[in-house]
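Undergrad: Below is entry.cif; it holds mmCIF, C-alpha atoms and all ligand atoms.
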```cif
data_protein
loop_
_atom_site.label_atom_id
_atom_site.label_comp_id
_atom_site.auth_asym_id
_atom_site.auth_seq_id
_atom_site.Cartn_x
_atom_site.Cartn_y
_atom_site.Cartn_z
CA MET A 1 61.90 -15.02 -59.98
CA LYS A 2 60.54 -15.49 -56.49
CA LEU A 3 57.04 -14.55 -55.43
CA LYS A 4 57.72 -14.57 -51.74
CA LEU A 5 56.32 -11.08 -51.19
CA ALA A 6 53.05 -12.13 -52.76
CA PHE A 7 52.86 -15.17 -50.54
CA THR A 8 53.50 -13.19 -47.39
CA GLY A 9 50.63 -10.92 -48.38
CA LEU A 10 48.29 -13.88 -48.74
CA ALA A 11 49.55 -15.30 -45.45
CA ALA A 12 48.62 -11.99 -43.83
CA ILE A 13 45.01 -12.39 -44.91
CA CYS A 14 44.87 -16.01 -43.73
CA LEU A 15 46.30 -15.02 -40.36
CA PHE A 16 43.79 -12.27 -39.89
CA VAL A 17 40.96 -14.68 -40.56
CA GLY A 18 42.51 -17.30 -38.30
CA ALA A 19 43.37 -14.96 -35.45
CA GLY A 20 39.83 -14.73 -34.10
CA MET A 21 39.38 -18.51 -33.90
CA ALA A 22 42.49 -19.50 -31.98
CA LEU A 23 42.27 -20.26 -28.28
CA SER A 24 44.03 -17.55 -26.34
CA PRO A 25 47.22 -18.79 -24.63
CA ALA A 26 46.52 -16.14 -22.00
CA SER A 27 43.37 -17.93 -20.93
CA ILE A 28 45.28 -21.22 -20.70
CA ALA A 29 47.92 -19.58 -18.53
CA GLN A 30 45.28 -18.18 -16.24
CA ASN A 31 43.53 -21.51 -15.84
CA ALA A 32 46.85 -23.11 -14.95
CA GLN A 33 47.18 -20.66 -12.07
CA GLY A 34 44.20 -22.13 -10.20
CA GLY A 35 43.94 -21.00 -6.59
CA THR A 36 45.08 -17.44 -7.26
CA LYS A 37 42.83 -14.60 -8.35
CA PRO A 38 40.61 -15.94 -11.07
CA ASP A 39 40.47 -12.82 -13.24
CA GLY A 40 44.10 -12.90 -14.42
CA LYS A 41 44.30 -9.16 -13.85
CA THR A 42 45.92 -9.03 -10.44
CA LEU A 43 49.08 -10.31 -8.76
CA LYS A 44 49.26 -11.68 -5.25
CA PRO A 45 51.48 -9.39 -3.16
CA ALA A 46 54.96 -10.69 -2.34
CA ALA A 47 54.21 -10.45 1.40
CA SER A 48 51.33 -12.93 1.08
CA PHE A 49 53.85 -15.71 0.34
CA GLN A 50 55.26 -15.51 3.90
CA SER A 51 52.87 -18.29 4.86
CA ILE A 52 55.00 -20.75 2.88
CA THR A 53 57.59 -21.64 5.50
CA ASN A 54 59.93 -23.65 3.28
CA GLN A 55 62.14 -20.98 1.71
CA GLN A 56 62.75 -22.85 -1.52
CA GLN A 57 59.07 -23.56 -2.00
CA ARG A 58 58.34 -19.90 -1.24
CA SER A 59 60.88 -18.82 -3.83
CA VAL A 60 59.37 -21.09 -6.48
CA ALA A 61 55.86 -19.85 -5.66
CA LEU A 62 56.99 -16.22 -5.94
CA PHE A 63 58.46 -16.89 -9.38
CA GLN A 64 55.32 -18.74 -10.48
CA GLU A 65 53.28 -15.68 -9.52
CA ALA A 66 55.68 -13.41 -11.44
CA GLY A 67 55.33 -15.90 -14.31
CA LYS A 68 51.78 -14.62 -14.89
CA VAL A 69 53.51 -11.51 -16.23
CA ILE A 70 56.55 -13.14 -17.80
CA GLN A 71 54.52 -15.68 -19.78
CA HIS A 72 51.85 -13.19 -20.87
CA PRO A 73 51.72 -12.63 -24.64
CA ARG A 74 52.53 -8.93 -24.02
CA CYS A 75 56.00 -10.04 -22.88
CA VAL A 76 56.60 -13.28 -24.80
CA ASN A 77 55.64 -11.86 -28.22
CA CYS A 78 58.85 -9.81 -28.35
CA HIS A 79 61.02 -12.63 -26.96
CA PRO A 80 60.64 -14.78 -30.11
CA ALA A 81 62.59 -17.94 -30.80
CA THR A 82 62.99 -16.95 -34.46
CA ASP A 83 63.80 -13.61 -36.08
CA ARG A 84 60.12 -12.71 -36.34
CA PRO A 85 58.11 -11.31 -33.41
CA LEU A 86 54.66 -12.56 -32.52
CA GLN A 87 51.57 -10.42 -32.16
CA GLY A 88 48.33 -10.29 -30.24
CA ALA A 89 46.76 -12.45 -27.55
CA THR A 90 46.76 -15.33 -30.04
CA MET A 91 50.54 -14.93 -30.51
CA HIS A 92 50.42 -15.15 -34.31
CA PRO A 93 53.43 -14.09 -36.40
CA HIS A 94 53.69 -10.30 -36.62
CA GLN A 95 51.82 -8.66 -39.49
CA PRO A 96 53.17 -7.10 -41.58
CA PRO A 97 56.10 -9.53 -41.73
CA VAL A 98 59.02 -7.93 -39.90
CA PHE A 99 62.38 -9.37 -38.93
CA ARG A 100 64.92 -8.88 -36.19
CA GLY A 101 67.71 -6.90 -37.93
CA ASP A 102 70.59 -5.24 -36.12
CA GLY A 103 69.98 -4.86 -32.39
CA GLY A 104 66.43 -6.18 -32.73
CA MET A 105 65.40 -2.89 -34.34
CA GLY A 106 64.17 -4.32 -37.65
CA MET A 107 65.58 -4.56 -41.16
CA PRO A 108 66.99 -1.69 -43.24
CA GLY A 109 63.97 -0.01 -44.83
CA MET A 110 61.54 -1.67 -42.41
CA GLN A 111 62.69 -0.87 -38.91
CA CYS A 112 60.36 -0.98 -35.92
CA THR A 113 60.13 2.81 -36.14
CA THR A 114 58.54 2.58 -39.59
CA CYS A 115 55.28 2.03 -37.70
CA HIS A 116 55.96 2.14 -33.94
CA SER A 117 56.19 5.53 -32.21
CA PRO A 118 57.61 6.51 -28.81
CA GLN A 119 54.07 6.09 -27.45
CA ASN A 120 50.96 4.02 -28.14
CA THR A 121 49.09 5.57 -31.05
CA PRO A 122 45.34 5.20 -31.60
CA VAL A 123 44.49 4.34 -35.20
CA VAL A 124 42.07 6.12 -37.50
CA GLY A 125 41.38 3.13 -39.74
CA GLN A 126 38.49 0.80 -39.02
CA ALA A 127 39.73 -2.59 -37.88
CA ASP A 128 38.02 -4.97 -35.48
CA THR A 129 41.32 -6.21 -34.11
CA ILE A 130 43.63 -3.17 -34.21
CA LYS A 131 42.68 -0.26 -31.98
CA SER A 132 46.14 1.25 -31.56
CA ILE A 133 49.73 0.78 -32.68
CA PRO A 134 51.83 -0.02 -29.61
CA GLY A 135 54.83 2.20 -28.99
CA ASN A 136 57.66 2.99 -26.61
CA PRO A 137 60.93 4.95 -26.99
CA ALA A 138 62.89 1.68 -26.59
CA TRP A 139 60.67 -0.50 -28.84
CA HIS A 140 62.78 -3.47 -30.06
CA LEU A 141 63.05 -7.26 -29.87
CA ALA A 142 64.78 -9.08 -27.05
CA PRO A 143 68.06 -10.68 -28.25
CA ILE A 144 67.79 -14.27 -29.49
CA GLU A 145 69.56 -15.65 -26.38
CA MET A 146 66.62 -14.28 -24.39
CA ALA A 147 64.07 -16.18 -26.50
CA TRP A 148 61.08 -17.28 -24.39
CA VAL A 149 58.68 -18.63 -27.01
CA GLY A 150 58.26 -22.39 -26.58
CA LYS A 151 59.97 -22.49 -23.18
CA SER A 152 58.47 -23.64 -19.89
CA LEU A 153 58.42 -21.25 -16.93
CA GLY A 154 61.18 -23.32 -15.30
CA GLN A 155 63.35 -22.97 -18.41
CA ILE A 156 62.71 -19.22 -18.57
CA CYS A 157 63.62 -18.99 -14.87
CA GLN A 158 67.00 -20.66 -15.46
CA GLN A 159 67.55 -18.42 -18.46
CA ILE A 160 66.85 -15.24 -16.49
CA LYS A 161 69.48 -16.26 -13.93
CA ASP A 162 72.15 -17.09 -16.53
CA PRO A 163 74.38 -14.07 -17.31
CA ALA A 164 75.17 -15.61 -20.71
CA ARG A 165 71.46 -15.43 -21.57
CA ASN A 166 70.29 -12.39 -19.59
CA GLY A 167 72.48 -9.66 -21.06
CA GLY A 168 75.23 -10.14 -18.47
CA LYS A 169 73.00 -8.98 -15.60
CA SER A 170 73.57 -9.67 -11.92
CA MET A 171 70.53 -10.67 -9.90
CA ASP A 172 70.35 -7.13 -8.49
CA GLN A 173 70.28 -5.82 -12.04
CA ILE A 174 67.52 -8.29 -12.91
CA VAL A 175 65.43 -6.93 -10.03
CA GLU A 176 66.08 -3.38 -11.21
CA HIS A 177 65.25 -4.27 -14.81
CA MET A 178 61.97 -5.98 -13.96
CA ALA A 179 60.92 -3.28 -11.48
CA HIS A 180 61.85 -0.16 -13.44
CA ASP A 181 62.74 -0.77 -17.11
CA GLU A 182 60.52 1.40 -19.27
CA LEU A 183 59.97 -1.14 -22.04
CA VAL A 184 59.11 -3.84 -19.46
CA GLY A 185 56.68 -1.27 -18.03
CA TRP A 186 54.91 -1.00 -21.38
CA GLY A 187 53.29 -4.36 -20.54
CA TRP A 188 51.06 -2.59 -18.01
CA ASP A 189 50.18 0.20 -20.46
CA PRO A 190 49.91 -1.52 -23.84
CA GLY A 191 47.43 0.82 -25.52
CA ALA A 192 43.83 0.49 -26.62
CA GLY A 193 42.68 -2.95 -27.73
CA ARG A 194 45.37 -4.86 -25.84
CA GLU A 195 45.09 -6.67 -22.48
CA PRO A 196 47.69 -5.42 -19.98
CA VAL A 197 49.80 -7.88 -18.01
CA PRO A 198 48.44 -8.54 -14.48
CA GLY A 199 49.03 -6.33 -11.44
CA THR A 200 51.42 -3.38 -11.49
CA GLN A 201 55.12 -3.11 -12.33
CA ALA A 202 55.81 -2.25 -8.67
CA GLU A 203 54.06 -5.43 -7.49
CA PHE A 204 55.91 -7.45 -10.13
CA GLY A 205 59.23 -5.90 -9.06
CA GLU A 206 58.50 -6.85 -5.44
CA LEU A 207 57.76 -10.45 -6.45
CA ILE A 208 61.05 -10.65 -8.35
CA LYS A 209 62.95 -9.06 -5.44
CA ALA A 210 61.41 -11.49 -2.95
CA TRP A 211 62.22 -14.37 -5.32
CA VAL A 212 65.88 -13.28 -5.45
CA ASP A 213 65.97 -12.71 -1.68
CA THR A 214 64.70 -16.26 -1.11
CA GLY A 215 67.45 -17.81 -3.25
CA ALA A 216 65.94 -17.43 -6.75
CA ALA A 217 64.73 -21.05 -6.87
CA CYS A 218 63.22 -22.16 -10.17
CA PRO A 219 60.11 -24.27 -10.86
CA ALA A 220 60.97 -27.82 -11.95
CA SER A 221 59.13 -27.29 -15.24
CA MET B 1 51.13 24.70 -33.64
CA VAL B 2 53.22 22.05 -35.41
CA SER B 3 56.02 23.19 -37.75
CA PHE B 4 57.71 20.90 -40.23
CA THR B 5 59.05 20.87 -43.76
CA LEU B 6 57.17 19.09 -46.53
CA ASN B 7 59.27 18.40 -49.62
CA GLY B 8 61.60 21.20 -48.53
CA GLN B 9 58.89 23.80 -47.90
CA GLN B 10 58.15 25.13 -44.43
CA LYS B 11 54.65 24.15 -43.25
CA GLU B 12 52.56 24.71 -40.16
CA PHE B 13 49.52 22.88 -38.84
CA ASP B 14 47.38 24.12 -35.97
CA GLY B 15 44.59 21.53 -35.95
CA ASP B 16 44.16 18.55 -33.63
CA PRO B 17 47.66 17.30 -32.70
CA ASP B 18 46.41 13.71 -33.08
CA THR B 19 45.62 14.29 -36.77
CA PRO B 20 47.52 11.68 -38.80
CA LEU B 21 50.30 13.04 -40.99
CA LEU B 22 48.56 11.34 -43.94
CA TRP B 23 45.49 13.55 -43.45
CA VAL B 24 47.66 16.68 -43.34
CA ILE B 25 49.53 15.66 -46.50
CA ARG B 26 46.41 14.80 -48.49
CA ASP B 27 43.65 17.04 -47.12
CA ALA B 28 45.49 20.12 -45.88
CA GLU B 29 48.39 20.20 -48.34
CA LYS B 30 46.53 18.57 -51.25
CA LEU B 31 49.39 16.24 -52.13
CA THR B 32 47.43 13.17 -53.13
CA GLY B 33 50.28 10.96 -54.34
CA THR B 34 50.46 9.39 -50.88
CA LYS B 35 47.57 6.92 -50.55
CA TYR B 36 45.25 5.74 -47.79
CA GLY B 37 44.93 1.97 -47.84
CA CYS B 38 44.18 0.69 -44.35
CA GLY B 39 44.90 3.32 -41.71
CA VAL B 40 46.32 0.68 -39.39
CA ALA B 41 49.94 0.25 -40.58
CA GLN B 42 49.15 -2.95 -42.46
CA CYS B 43 49.51 -2.05 -46.15
CA GLY B 44 52.29 0.51 -46.72
CA ALA B 45 50.33 2.68 -49.20
CA CYS B 46 50.88 5.77 -47.03
CA THR B 47 54.69 5.46 -46.76
CA VAL B 48 56.66 8.73 -46.67
CA HIS B 49 60.15 9.58 -45.47
CA LEU B 50 60.29 11.17 -42.03
CA ASP B 51 63.74 12.60 -41.32
CA GLY B 52 65.11 10.32 -44.02
CA MET B 53 63.52 7.09 -42.78
CA PRO B 54 60.45 5.34 -44.19
CA ARG B 55 57.38 5.91 -42.06
CA ARG B 56 53.69 4.98 -42.30
CA SER B 57 52.00 8.37 -42.29
CA CYS B 58 48.59 6.90 -41.35
CA VAL B 59 49.85 6.06 -37.84
CA THR B 60 51.96 9.18 -37.38
CA PRO B 61 50.22 11.85 -35.29
CA ILE B 62 51.13 15.28 -36.66
CA SER B 63 52.39 16.22 -33.17
CA MET B 64 55.21 13.72 -33.69
CA VAL B 65 56.33 15.55 -36.84
CA ASP B 66 57.12 18.88 -35.13
CA GLY B 67 60.56 20.05 -36.30
CA SER B 68 60.91 17.18 -38.76
CA GLU B 69 61.46 16.83 -42.48
CA VAL B 70 58.77 15.02 -44.46
CA ILE B 71 59.33 13.85 -48.03
CA THR B 72 56.50 12.42 -50.15
CA VAL B 73 56.55 10.73 -53.54
CA GLU B 74 56.05 14.16 -55.13
CA GLY B 75 59.26 15.49 -53.62
CA VAL B 76 61.59 12.52 -53.33
CA SER B 77 64.88 13.20 -55.14
CA GLY B 78 68.48 12.09 -55.47
CA LYS B 79 70.22 9.33 -57.36
CA GLU B 80 68.25 6.51 -55.76
CA ALA B 81 64.95 8.21 -56.58
CA ASP B 82 66.11 8.83 -60.16
CA ALA B 83 67.24 5.20 -60.53
CA VAL B 84 63.94 3.89 -59.12
CA LYS B 85 61.90 6.12 -61.42
CA THR B 86 63.82 4.95 -64.49
CA ALA B 87 63.68 1.29 -63.45
CA TRP B 88 59.95 1.48 -62.63
CA ALA B 89 59.15 3.03 -66.01
CA GLY B 90 61.46 0.60 -67.80
CA LEU B 91 59.60 -2.45 -66.48
CA ASP B 92 56.13 -0.90 -66.39
CA VAL B 93 55.96 -1.93 -62.75
CA PRO B 94 52.54 -0.54 -61.77
CA GLN B 95 49.27 -2.19 -62.65
CA CYS B 96 46.44 -0.19 -61.03
CA GLY B 97 49.07 1.97 -59.32
CA TYR B 98 47.35 2.39 -55.97
CA CYS B 99 50.14 0.90 -53.88
CA GLN B 100 52.95 2.26 -55.99
CA SER B 101 53.87 5.51 -54.28
CA GLY B 102 54.33 3.51 -51.09
CA GLN B 103 56.37 0.90 -52.97
CA VAL B 104 58.56 3.63 -54.50
CA MET B 105 59.16 5.35 -51.16
CA SER B 106 60.13 2.06 -49.50
CA ALA B 107 62.35 1.08 -52.44
CA VAL B 108 64.16 4.44 -52.45
CA ALA B 109 64.74 4.20 -48.69
CA LEU B 110 66.09 0.66 -49.07
CA LEU B 111 68.53 1.71 -51.80
CA GLN B 112 69.68 4.69 -49.71
CA MET B 113 70.56 2.26 -46.90
CA VAL B 114 71.59 -0.81 -48.92
CA PRO B 115 72.89 0.23 -52.37
CA LYS B 116 73.05 -3.35 -53.69
CA PRO B 117 70.23 -5.24 -51.93
CA THR B 118 69.89 -9.01 -52.08
CA ASP B 119 66.51 -10.71 -52.47
CA ALA B 120 66.52 -11.16 -48.68
CA ASP B 121 67.16 -7.43 -48.19
CA ILE B 122 64.26 -6.69 -50.54
CA ASP B 123 61.98 -9.08 -48.65
CA GLY B 124 62.96 -7.44 -45.36
CA ALA B 125 62.31 -3.90 -46.53
CA MET B 126 59.32 -4.41 -48.84
CA ALA B 127 57.21 -7.08 -47.12
CA GLY B 128 55.10 -4.38 -45.45
CA ASN B 129 54.06 -2.88 -48.80
CA ILE B 130 51.13 -4.90 -50.07
CA CYS B 131 50.10 -4.88 -53.74
CA ARG B 132 46.72 -6.38 -54.52
CA CYS B 133 47.66 -6.46 -58.21
CA ALA B 134 50.61 -8.66 -57.19
CA THR B 135 53.26 -6.70 -59.07
CA TYR B 136 55.80 -8.09 -56.61
CA HIS B 137 57.92 -9.83 -59.26
CA ARG B 138 58.32 -6.57 -61.21
CA ILE B 139 59.02 -4.58 -58.03
CA ARG B 140 61.82 -6.98 -57.14
CA ALA B 141 63.30 -6.87 -60.66
CA ALA B 142 63.05 -3.07 -60.79
CA ILE B 143 64.86 -2.67 -57.46
CA HIS B 144 67.70 -4.87 -58.78
CA ASN B 145 67.77 -2.86 -62.02
CA ALA B 146 67.87 0.41 -60.09
CA ALA B 147 70.75 -0.88 -57.96
CA ASN B 148 72.66 -2.04 -61.03
CA SER B 149 72.13 1.29 -62.77
CA MET B 150 73.73 3.17 -59.86
CA GLU B 151 76.95 1.14 -59.94
CA GLY B 152 80.20 2.67 -61.17
S1 LIG A 301 47.31 3.33 -45.02
FE1 LIG A 301 49.08 3.42 -43.77
S2 LIG A 301 49.82 1.40 -43.83
FE2 LIG A 301 47.91 1.24 -44.86
S1 LIG A 302 49.62 -1.92 -58.60
FE1 LIG A 302 47.58 -2.25 -57.95
S2 LIG A 302 47.79 -2.44 -55.81
FE2 LIG A 302 49.81 -2.45 -56.49
#
```
Would you give me this structure, written as structure tokens?
Ligand code: FES
Ligand code: FES
TA:
Amino acid sequence: MKLKLAFTGLAAICLFVGAGMALSPASIAQNAQGGTKPDGKTLKPAASFQSITNQQQRSVALFQEAGKVIQHPRCVNCHPATDRPLQGATMHPHQPPVFRGDGGMGMPGMQCTTCHSPQNTPVVGQADTIKSIPGNPAWHLAPIEMAWVGKSLGQICQQIKDPARNGGKSMDQIVEHMAHDELVGWGWDPGAGREPVPGTQAEFGELIKAWVDTGAACPAS
Amino acid sequence: MVSFTLNGQQKEFDGDPDTPLLWVIRDAEKLTGTKYGCGVAQCGACTVHLDGMPRRSCVTPISMVDGSEVITVEGVSGKEADAVKTAWAGLDVPQCGYCQSGQVMSAVALLQMVPKPTDADIDGAMAGNICRCATYHRIRAAIHNAANSMEG
């Protein structure tokens, strides 16, 4: 007789205690972007990259700016490298324990929609760390071939360009997806208690478009 | 005004549309089988069936329930519910009982979707229902017993 359920319950408690102590990956990402806006809340406009005359270098710089969004926990948490999403700015394993299931919608009896609604939902319970349950009509995990956890920005860049790992999208469709997809857009409106990704979806879409227009060059790492 | 059915009966609610379904079930409709454990979708004690699917009622604004069918532990029926009830009683699954209506609602939903669940299926469906009495081993055995009893 296995006691796995009991152990996952204990793990939940440990993770809650540990969550407050971990260094936020978001703050690391922001520090690594030295020279841009220091607050991590804004994106440099695509037009401001015109000063980089070398087109390939401009393309790489545009993608690095867009990477502030792409590598934010709001986006990476649901591009897991395993069947379990991550959660929070500390990117801990999702609590309660949930797993990918068919179409990234969760397991039978515990689908995403067991808790997630079509919109962000404020909670009534008292919890220091949970102010709302995030929600969106399309709430689901990215397919495993789109896993971003553990990848460098350069690796993610190559992945986004590869139709075998981007859902069969053309570069035009990538621009459209980044600029207008509703679930991507959730990153800028993640509900109470959650830091939004920097800038606006329109600014992000312009960065991606300018990156594609300049040859979609990828960072070396 | 929100209209919905609760255990097959037509109900209406005209309070704050953000009121959690759990509040409506317990405070307005006085059905106290569904429990409040955390209020933040972390424990599973408040699980009901919303249009046939398990749902945490503590994070379900009543406005979302308009036109829907809600089933609580008091009203859950059918062969899976019967099998779960018999299996639960047969193994004396509950200890304090606080988590158990949520456990039962999740178990019934699992069996409706997966009639013969494996241990991995049970982990997948039940890991969000926490039991501080740690009756997990009996819950797992009772789900297998319920599945076996429905065969043939
Ligand atoms: S009370 Fe709803 S999940 Fe805990
Ligand atoms: S039986 Fe006591 S919490 Fe589950």
Undergrad: Have a look at atom CA of Glu151 of chain B and atom CA of Gly44 of chain B and let me know their distance in Å, one decimal.
TA: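 That distance, rounded to one decimal, is 28.0 Å.
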Undergrad: Per residue of chain A within 6 Å of chain B, note the shortest atom pair and the distance in Å to one decimal, counting only C-alpha atoms, and order the rows by chain and increasing residue number, as CSV.
TA:
```
residue,atom,partner,partner_atom,distance
A:Leu5,CA,B:Ala127,CA,5.8
A:Pro96,CA,B:Gly128,CA,5.1
A:Met107,CA,B:Gly124,CA,5.7
A:Gly109,CA,B:Ala125,CA,4.6
A:Met110,CA,B:Ala125,CA,4.7
A:Thr114,CA,B:Arg55,CA,4.3
A:Cys115,CA,B:Arg56,CA,5.7
A:Val123,CA,B:Val40,CA,5.9
A:Val124,CA,B:Gly39,CA,5.8
A:Gly125,CA,B:Gly39,CA,4.0
```
Undergrad: What does the structure give for the distance between atom CA of Asp83 of chain A and atom CA of Ile208 of chain A, in Å to one decimal?
TA: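 Atom-to-atom, atom CA of Asp83 of chain A and atom CA of Ile208 of chain A are spaced 28.0 Å apart.
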Undergrad: From the options A:Ile133, A:Val184, A:Met91, A:Ala210, which residue's atoms come nearest to ligand LIG 301 (chain A), counting all atoms listed in the file?
TA: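 Under the stated criterion, the closest residue is A:Ile133.
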Undergrad: Around all the atoms of ligand LIG 302 (chain A) listed in the file, with 6 Å of room on each side, what axis-aligned box do you get, giving centre and edge lengths in Å to one decimal, as AutoDock Vina command-line options?
TA:
```
--center_x 48.7 --center_y -2.2 --center_z -57.2 --size_x 14.2 --size_y 12.5 --size_z 14.8
```
Undergrad: Work out how far apart atom CA of Pro143 of chain A and atom CA of Met178 of chain A are and give it in Å to one decimal.
TA: 16.2 Å
Undergrad: So, with all atoms listed in the file as the atoms that count, which of A:Cys112, A:Thr214, A:Ser221, A:Gln87 lies closest to Gln55 of chain A?
TA: A:Thr214
Undergrad: Skipping near chain neighbours, those fewer than 5 positions away, what residues fall within 9 Å of Gly199 of chain A using all atoms listed in the file, listed as a VMD selection string?
TA: chain A and resid 40 to 44 69 188 204
Undergrad: Check the smallest atom-to-atom distance from each of A:Gln126, A:Thr82, A:Thr90, A:Asn77 to ligand LIG 301 (chain A) using only C-alpha atoms and all ligand atoms, then report the winner.
TA: A:Gln126
Undergrad: Within 6 Å of ligand LIG 302 (chain A), which residues show up when you count all atoms listed in the file? List them as a short mmCIF file (atom, residue, chain, number, x, y, z; two decimals) with C-alpha atoms, keeping the file's coordinate frame, please.
TA:
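Below is the file pocket_19.cif, written as the result:
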```cif
data_model
loop_
_atom_site.label_atom_id
_atom_site.label_comp_id
_atom_site.auth_asym_id
_atom_site.auth_seq_id
_atom_site.Cartn_x
_atom_site.Cartn_y
_atom_site.Cartn_z
CA PRO B 94 52.54 -0.54 -61.77
CA GLN B 95 49.27 -2.19 -62.65
CA CYS B 96 46.44 -0.19 -61.03
CA GLY B 97 49.07 1.97 -59.32
CA TYR B 98 47.35 2.39 -55.97
CA CYS B 99 50.14 0.90 -53.88
CA GLN B 100 52.95 2.26 -55.99
CA CYS B 131 50.10 -4.88 -53.74
CA ARG B 132 46.72 -6.38 -54.52
CA CYS B 133 47.66 -6.46 -58.21
#
```
